[in-house]
>>> print(open('final_38.txt').read())   # compact mmCIF, C-alpha atoms
# COMPACT_ATOMS: atom_id res chain seq x y z
CA MET A 1 138.46 86.63 76.10
CA MET A 2 136.96 89.84 77.46
CA ASN A 3 137.38 90.60 81.14
CA LEU A 4 133.92 90.73 82.71
CA SER A 5 135.35 91.86 86.04
CA SER A 6 136.38 95.18 84.53
CA THR A 7 134.21 98.25 84.91
CA MET A 8 131.16 98.04 82.66
CA LYS A 9 128.42 100.31 81.41
CA ALA A 10 124.79 99.62 82.09
CA TYR A 11 121.87 101.56 80.73
CA GLY A 12 118.17 101.15 81.35
CA CYS A 13 115.01 102.91 80.35
CA ARG A 14 111.28 102.48 80.87
CA TYR A 15 110.29 104.12 77.60
CA CYS A 16 111.51 103.50 74.09
CA VAL A 17 114.53 105.52 72.95
CA SER A 18 116.14 105.09 69.55
CA PRO A 19 119.50 103.27 69.48
CA LEU A 20 121.11 106.23 67.70
CA LYS A 21 120.20 108.62 70.51
CA GLN A 22 121.49 106.19 73.10
CA LEU A 23 124.73 105.71 71.23
CA LEU A 24 125.25 109.47 70.99
CA HIS A 25 124.56 110.15 74.65
CA THR A 26 126.47 107.61 76.72
CA THR A 27 128.41 108.02 79.92
CA ASN A 28 129.78 105.66 82.56
CA HIS A 29 127.79 103.36 84.81
CA HIS A 30 130.10 101.45 87.11
CA LEU A 31 129.07 97.90 87.96
CA ARG A 32 131.62 95.22 88.74
CA PHE A 33 130.98 91.64 87.75
CA ARG A 34 132.74 88.64 89.16
CA PRO A 35 131.88 85.56 87.08
CA ARG A 36 132.31 82.28 88.90
CA SER A 37 133.20 80.50 85.70
CA PRO A 38 134.53 81.71 82.33
CA PRO A 39 131.69 82.75 80.01
CA LEU A 40 131.32 81.12 76.62
CA PHE A 41 131.43 83.61 73.75
CA SER A 42 131.07 82.80 70.10
CA SER A 43 134.29 83.01 68.09
CA SER A 44 132.99 85.96 66.12
CA PHE A 45 132.29 87.85 69.36
CA ASN A 46 135.79 87.13 70.66
CA ASN A 47 137.25 88.79 67.57
CA LEU A 48 135.38 92.06 68.07
CA LYS A 49 137.64 94.99 68.92
CA LEU A 50 135.68 96.33 71.87
CA PRO A 51 136.97 98.69 74.57
CA ASN A 52 137.40 97.23 78.04
CA PHE A 53 133.97 98.36 79.28
CA ASN A 54 132.46 95.45 77.38
CA LEU A 55 129.13 96.81 76.21
CA LEU A 56 126.60 95.85 73.59
CA LEU A 57 123.99 97.88 71.76
CA THR A 58 120.43 96.64 71.58
CA TYR A 59 117.35 98.38 70.24
CA ASN A 60 116.81 100.53 73.33
CA SER A 61 119.48 99.81 75.87
CA LEU A 62 123.24 99.88 76.18
CA PHE A 63 124.29 97.47 78.88
CA PHE A 64 126.62 94.72 79.95
CA THR A 65 127.20 91.58 77.98
CA THR A 66 125.05 89.06 79.85
CA GLU A 67 122.20 89.62 77.40
CA HIS A 68 124.48 88.35 74.61
CA LEU A 69 125.34 85.31 76.69
CA TRP A 70 121.76 84.59 77.65
CA GLY A 71 120.58 84.65 74.08
CA ARG A 72 122.84 81.71 73.41
CA SER A 73 122.37 79.82 76.65
CA GLY A 74 118.64 79.07 76.53
CA MET A 75 117.68 81.29 79.46
CA ASN A 76 114.15 79.94 79.71
CA THR A 77 113.19 80.05 83.38
CA ASN A 78 112.88 82.79 85.95
CA LYS A 79 115.19 80.94 88.32
CA LYS A 80 117.94 80.71 85.69
CA MET A 81 117.60 84.44 85.03
CA VAL A 82 118.17 85.21 88.70
CA GLU A 83 121.06 82.76 88.96
CA HIS A 84 122.72 84.41 85.98
CA LEU A 85 122.37 87.83 87.58
CA GLN A 86 123.97 86.41 90.70
CA GLN A 87 126.75 84.75 88.75
CA TYR A 88 127.76 88.01 87.10
CA GLY A 89 127.63 90.00 90.33
CA VAL A 90 124.50 92.00 89.55
CA ILE A 91 122.61 90.51 92.49
CA SER A 92 124.50 90.16 95.76
CA SER A 93 121.48 90.29 98.10
CA GLU A 94 119.81 87.00 98.96
CA LYS A 95 116.55 88.83 99.72
CA VAL A 96 116.50 90.47 96.28
CA ALA A 97 117.28 87.12 94.66
CA ARG A 98 114.40 85.43 96.52
CA VAL A 99 111.93 88.15 95.55
CA MET A 100 112.94 88.10 91.89
CA GLU A 101 112.61 84.31 91.89
CA THR A 102 109.17 84.56 93.48
CA ILE A 103 107.79 87.16 91.05
CA ASP A 104 107.97 85.51 87.64
CA ARG A 105 108.94 88.10 85.05
CA ALA A 106 107.16 86.13 82.30
CA LEU A 107 103.81 87.15 83.81
CA PHE A 108 104.66 90.82 83.23
CA VAL A 109 105.80 90.85 79.61
CA PRO A 110 103.73 90.46 76.42
CA ASP A 111 103.27 87.02 74.94
CA ARG A 112 105.91 85.72 72.54
CA THR A 113 108.66 87.93 73.95
CA PRO A 114 111.86 86.59 75.58
CA ALA A 115 110.81 87.24 79.17
CA TYR A 116 114.12 86.30 80.76
CA ALA A 117 116.54 87.99 78.36
CA ASP A 118 118.42 90.86 79.95
CA CYS A 119 116.94 93.60 77.80
CA PRO A 120 113.88 95.85 77.90
CA GLN A 121 110.69 94.60 76.29
CA GLU A 122 108.05 96.72 74.57
CA ILE A 123 104.72 96.80 76.41
CA GLY A 124 102.85 99.25 74.18
CA TYR A 125 102.01 102.95 74.51
CA ASN A 126 105.66 103.88 73.81
CA ALA A 127 106.71 102.15 77.01
CA THR A 128 108.89 99.21 77.98
CA ILE A 129 109.53 96.98 80.94
CA SER A 130 113.12 97.56 82.03
CA ALA A 131 115.86 94.96 81.74
CA PRO A 132 116.24 92.52 84.66
CA HIS A 133 119.63 93.95 85.66
CA MET A 134 118.06 97.40 86.10
CA HIS A 135 115.30 95.96 88.27
CA ALA A 136 117.87 94.14 90.36
CA THR A 137 119.99 97.29 90.70
CA CYS A 138 117.07 99.39 91.91
CA LEU A 139 115.84 96.71 94.32
CA GLN A 140 119.27 96.49 95.90
CA LEU A 141 119.61 100.28 96.18
CA LEU A 142 116.25 100.39 97.97
CA GLU A 143 116.49 97.14 99.93
CA GLU A 144 117.05 98.75 103.34
CA LYS A 145 113.90 100.82 102.81
CA LEU A 146 111.80 97.86 101.73
CA GLN A 147 111.64 96.10 105.07
CA PRO A 148 108.39 94.53 106.37
CA GLY A 149 105.83 97.17 107.29
CA MET A 150 107.39 99.99 105.23
CA HIS A 151 105.73 102.04 102.47
CA ALA A 152 107.00 102.09 98.87
CA LEU A 153 105.98 104.13 95.82
CA ASP A 154 106.69 103.06 92.22
CA VAL A 155 106.30 106.00 89.79
CA GLY A 156 105.73 104.83 86.22
CA SER A 157 104.73 101.34 87.29
CA GLY A 158 104.13 99.98 83.76
CA THR A 159 103.31 96.28 83.84
CA GLY A 160 103.47 96.18 87.65
CA TYR A 161 106.55 93.97 87.96
CA LEU A 162 108.66 96.16 90.23
CA THR A 163 105.64 97.20 92.30
CA ALA A 164 104.90 93.52 92.91
CA CYS A 165 108.50 92.99 94.02
CA PHE A 166 108.18 95.93 96.41
CA ALA A 167 104.99 94.44 97.83
CA MET A 168 106.65 91.10 98.50
CA MET A 169 109.48 92.86 100.34
CA VAL A 170 107.34 95.13 102.55
CA GLY A 171 104.82 92.35 103.19
CA PRO A 172 101.16 92.46 104.22
CA GLN A 173 101.77 95.02 106.95
CA GLY A 174 103.41 97.43 104.51
CA ARG A 175 102.12 99.31 101.49
CA ALA A 176 103.30 99.18 97.87
CA ILE A 177 101.77 101.78 95.54
CA GLY A 178 102.14 101.83 91.76
CA VAL A 179 101.28 105.01 89.82
CA GLU A 180 101.02 104.98 86.03
CA HIS A 181 99.40 107.60 83.76
CA ILE A 182 98.33 105.14 81.03
CA PRO A 183 95.00 103.64 82.19
CA GLU A 184 95.35 100.61 79.92
CA LEU A 185 98.71 99.75 81.49
CA VAL A 186 97.24 100.05 84.97
CA ALA A 187 94.45 97.63 84.03
CA SER A 188 96.88 95.13 82.53
CA SER A 189 99.25 95.45 85.50
CA ILE A 190 96.43 94.45 87.84
CA ASN A 191 95.75 91.40 85.66
CA ASN A 192 99.44 90.53 85.72
CA ILE A 193 99.68 90.80 89.49
CA GLU A 194 96.57 88.67 89.94
CA LYS A 195 98.44 85.80 88.24
CA SER A 196 101.54 86.24 90.40
CA ALA A 197 102.67 85.41 93.91
CA ALA A 198 101.75 88.98 94.90
CA ALA A 199 98.03 88.37 94.23
CA PRO A 200 97.09 87.94 97.92
CA LEU A 201 98.67 91.31 98.72
CA LEU A 202 96.65 92.95 95.95
CA LYS A 203 93.46 91.36 97.29
CA LYS A 204 94.30 92.44 100.83
CA GLY A 205 94.96 96.01 99.73
CA SER A 206 98.57 96.33 100.83
CA LEU A 207 99.46 96.43 97.11
CA SER A 208 97.52 98.81 94.86
CA MET A 209 97.85 100.27 91.36
CA HIS A 210 96.56 103.71 90.42
CA VAL A 211 96.08 105.92 87.37
CA GLY A 212 97.76 109.26 87.99
CA ASP A 213 100.53 111.70 87.20
CA GLY A 214 103.53 110.17 88.91
CA ARG A 215 105.28 113.54 89.02
CA GLU A 216 102.82 114.38 91.80
CA GLY A 217 103.42 111.11 93.63
CA TRP A 218 100.53 109.58 95.56
CA PRO A 219 99.94 111.71 98.67
CA GLU A 220 97.20 109.48 100.04
CA CYS A 221 99.67 106.88 101.31
CA ALA A 222 102.64 109.17 102.00
CA PRO A 223 105.16 109.41 103.49
CA TYR A 224 107.19 106.70 101.79
CA ASP A 225 110.27 104.87 102.97
CA ALA A 226 111.18 104.02 99.36
CA ILE A 227 110.38 105.76 96.06
CA HIS A 228 111.39 104.50 92.63
CA VAL A 229 110.96 106.61 89.48
CA GLY A 230 111.10 104.99 86.04
CA ALA A 231 111.69 108.04 83.81
CA ALA A 232 114.10 110.98 83.86
CA ALA A 233 113.07 114.21 85.55
CA PRO A 234 114.74 117.42 84.36
CA GLU A 235 115.14 118.33 88.02
CA MET A 236 114.25 116.74 91.33
CA PRO A 237 110.42 116.71 91.67
CA GLN A 238 109.51 118.62 94.83
CA ALA A 239 106.30 116.63 95.33
CA LEU A 240 108.28 113.38 95.54
CA LEU A 241 110.82 114.90 97.92
CA ASP A 242 107.96 116.09 100.12
CA GLN A 243 106.45 112.58 100.17
CA LEU A 244 109.74 110.90 101.11
CA LYS A 245 109.84 110.02 104.78
CA PRO A 246 112.77 111.23 106.94
CA GLY A 247 115.17 108.30 106.80
CA GLY A 248 113.73 107.25 103.43
CA ARG A 249 115.39 106.83 100.02
CA MET A 250 114.40 107.65 96.45
CA VAL A 251 116.05 106.29 93.29
CA ILE A 252 115.41 108.52 90.27
CA PRO A 253 117.09 109.32 86.93
CA VAL A 254 117.66 113.07 86.60
CA GLY A 255 118.75 115.10 83.60
CA ASN A 256 117.97 115.87 79.98
CA ILE A 257 120.54 114.73 77.41
CA PHE A 258 122.97 113.62 80.11
CA GLN A 259 121.29 111.78 82.96
CA ASP A 260 122.38 110.25 86.23
CA LEU A 261 120.61 107.68 88.36
CA LYS A 262 120.40 109.59 91.63
CA VAL A 263 120.15 108.06 95.08
CA VAL A 264 118.33 110.56 97.27
CA ASP A 265 118.35 110.09 101.05
CA LYS A 266 116.21 112.23 103.35
CA ASN A 267 118.04 112.54 106.65
CA PRO A 268 116.23 112.33 109.99
CA ASP A 269 116.33 116.12 110.29
CA GLY A 270 114.65 116.50 106.90
CA SER A 271 117.76 117.55 104.99
CA ILE A 272 118.55 115.89 101.67
CA SER A 273 121.69 113.98 100.59
CA ILE A 274 122.12 113.08 96.93
CA ARG A 275 124.69 110.92 95.18
CA SER A 276 125.02 109.67 91.61
CA GLU A 277 124.93 105.89 91.29
CA SER A 278 125.41 105.69 87.53
CA SER A 279 124.83 107.40 84.22
CA VAL A 280 121.73 106.24 82.36
CA ARG A 281 119.53 107.05 79.39
CA TYR A 282 115.81 107.45 80.02
CA VAL A 283 113.17 109.45 78.21
CA PRO A 284 111.61 112.34 80.14
CA LEU A 285 109.24 112.05 83.04
CA THR A 286 106.40 113.71 81.20
CA SER A 287 102.68 113.88 80.58
CA ARG A 288 100.53 111.09 79.17
CA ASP A 289 99.84 113.01 75.94
CA THR A 290 103.50 113.75 75.32
CA GLN A 291 104.45 110.13 75.89
CA LEU A 292 101.82 108.85 73.48
CA GLN A 293 102.90 111.32 70.80
CA SER A 294 106.63 110.63 71.14
>>> encode(input="final_38.txt", output="structure tokens")
Amino acid sequence: MMNLSSTMKAYGCRYCVSPLKQLLHTTNHHLRFRPRSPPLFSSSFNNLKLPNFNLLLTYNSLFFTTEHLWGRSGMNTNKKMVEHLQQYGVISSEKVARVMETIDRALFVPDRTPAYADCPQEIGYNATISAPHMHATCLQLLEEKLQPGMHALDVGSGTGYLTACFAMMVGPQGRAIGVEHIPELVASSINNIEKSAAAPLLKKGSLSMHVGDGREGWPECAPYDAIHVGAAAPEMPQALLDQLKPGGRMVIPVGNIFQDLKVVDKNPDGSISIRSESSVRYVPLTSRDTQLQS
């Protein structure tokens, strides 16, 4: 039986990347999982000679083994998805768990796709919705900056799922802004949100979705307590740093072939502190035309 409490690798991306490229460019992402009960693996899986980081390869993400488990356990409700993330130590925050239970992921993925499986799902336009464990990771990294009344920016908002989660956390007195450069995705994200528990916040205006170049942020509602970026920048975007409030935090993948998920804190005096949370594989933070041609 493989030890799920050992250090594992987790990879996430918003856009589609070929499995071969991901396999060639992998580095460590340290997440520790503490299962409350022994997982049930198939006999064929037990016989695999895997290294102790316990990873699996799927079509566009290398990540921990819960996706394999879920595929065999009938993960068919949003609540079960969240409970599984809690069971394997991905979610430790009760607030994050409540928000992810409230915003049903099935409303934000295309029809006839396994909404609750822990893997990215294609959403068209060479884009994906990230795996649930990546959403949970980013929500927990930003949780302190997603308190009621705060402002949050989601760059590359896709189907609107994470922006809706942000809105639920900052509440009606806060602001949650999604920026996406594919107009069709912005339109569909609004439709998705209108079906979700975040619909009243969209109607009120504290949650809004916009067509724009996320590399430039959304100055109209700046500064932001929390910024999330869903694609890898070759270097830290100055516009996003400028729009981060003193005391705020940004989570952003940075790099080209080798990328790190960076946690960027702007100190009260305006200085910047940066640490690497994990190694990841995203496609570049780029223009609309380049994305569509990739």
>>> residues_around(input="final_38.txt", residues="A:Arg215", least_positions_apart="6", cutoff="8 Å", atoms="only C-alpha atoms", output="PDB file with C-alpha atoms, in the coordinates of the input")
ATOM      1  CA  VAL A 155     106.300 106.000  89.790  1.00  0.00           C
ATOM      2  CA  PRO A 237     110.420 116.710  91.670  1.00  0.00           C
ATOM      3  CA  ALA A 239     106.300 116.630  95.330  1.00  0.00           C
ATOM      4  CA  LEU A 240     108.280 113.380  95.540  1.00  0.00           C
ATOM      5  CA  LEU A 285     109.240 112.050  83.040  1.00  0.00           C
ATOM      6  CA  THR A 286     106.400 113.710  81.200  1.00  0.00           C
TER       7      THR A 286
END
>>> closest_residue(input="final_38.txt", among="A:Cys165, A:Leu202, A:Ala152, A:Val90", to="A:Leu244", atoms="all atoms listed in the file")
A:Ala152
>>> residues_around(input="final_38.txt", residues="stretch 102-107 of chain A", least_positions_apart="3", cutoff="10 Å", atoms="all atoms listed in the file", output="JSON, numbers by chain")
{"A": [76, 77, 78, 79, 81, 96, 97, 98, 99, 110, 111, 112, 113, 114, 115, 116, 129, 132, 159, 160, 161, 162, 164, 165, 168, 189, 191, 192, 193, 194, 195, 196, 197, 198]}
>>> closest_residue(input="final_38.txt", among="A:Ser273, A:Gly174, A:Ile182, A:Ala232", to="A:Lys204", atoms="all atoms listed in the file")
A:Gly174
>>> closest_atom_pairs(input="final_38.txt", of="stretch 156-195 of chain A", to="stretch 206-209 of chain A", cutoff="7 Å", atoms="all atoms listed in the file", output="tab-separated table")
residue	atom	partner	partner_atom	distance
A:Ala167	CA	A:Leu207	CA	5.9
A:Pro172	CA	A:Ser206	CA	5.8
A:Gly174	CA	A:Ser206	CA	6.2
A:Arg175	CA	A:Ser206	CA	4.7
A:Ala176	CA	A:Leu207	CA	4.8
A:Ile177	CA	A:Ser208	CA	5.2
A:Gly178	CA	A:Met209	CA	4.6
A:Val179	CA	A:Met209	CA	6.1
A:Val186	CA	A:Met209	CA	6.4
A:Ile190	CA	A:Met209	CA	6.9
>>> closest_residue(input="final_38.txt", among="A:Val170, A:Leu185, A:Pro200, A:Glu180", to="A:Gly124", atoms="only C-alpha atoms")
A:Leu185
>>> closest_residue(input="final_38.txt", among="A:Cys119, A:Phe258, A:Asp225, A:Gly248", to="A:Phe166", atoms="all atoms listed in the file")
A:Asp225
>>> closest_residue(input="final_38.txt", among="A:Val254, A:Val263, A:Val211, A:Ala136", to="A:Gly156", atoms="all atoms listed in the file")
A:Val211
>>> closest_residue(input="final_38.txt", among="A:Pro183, A:Pro120, A:Gly171, A:Pro234", to="A:Gln259", atoms="all atoms listed in the file")
A:Pro234
>>> atom_distance(input="final_38.txt", atom1="atom CA of A:Arg281", atom2="atom CA of A:Gly214")
18.9 Å
>>> atom_distance(input="final_38.txt", atom1="atom CA of A:Lys80", atom2="atom CA of A:Val280")
26.0 Å
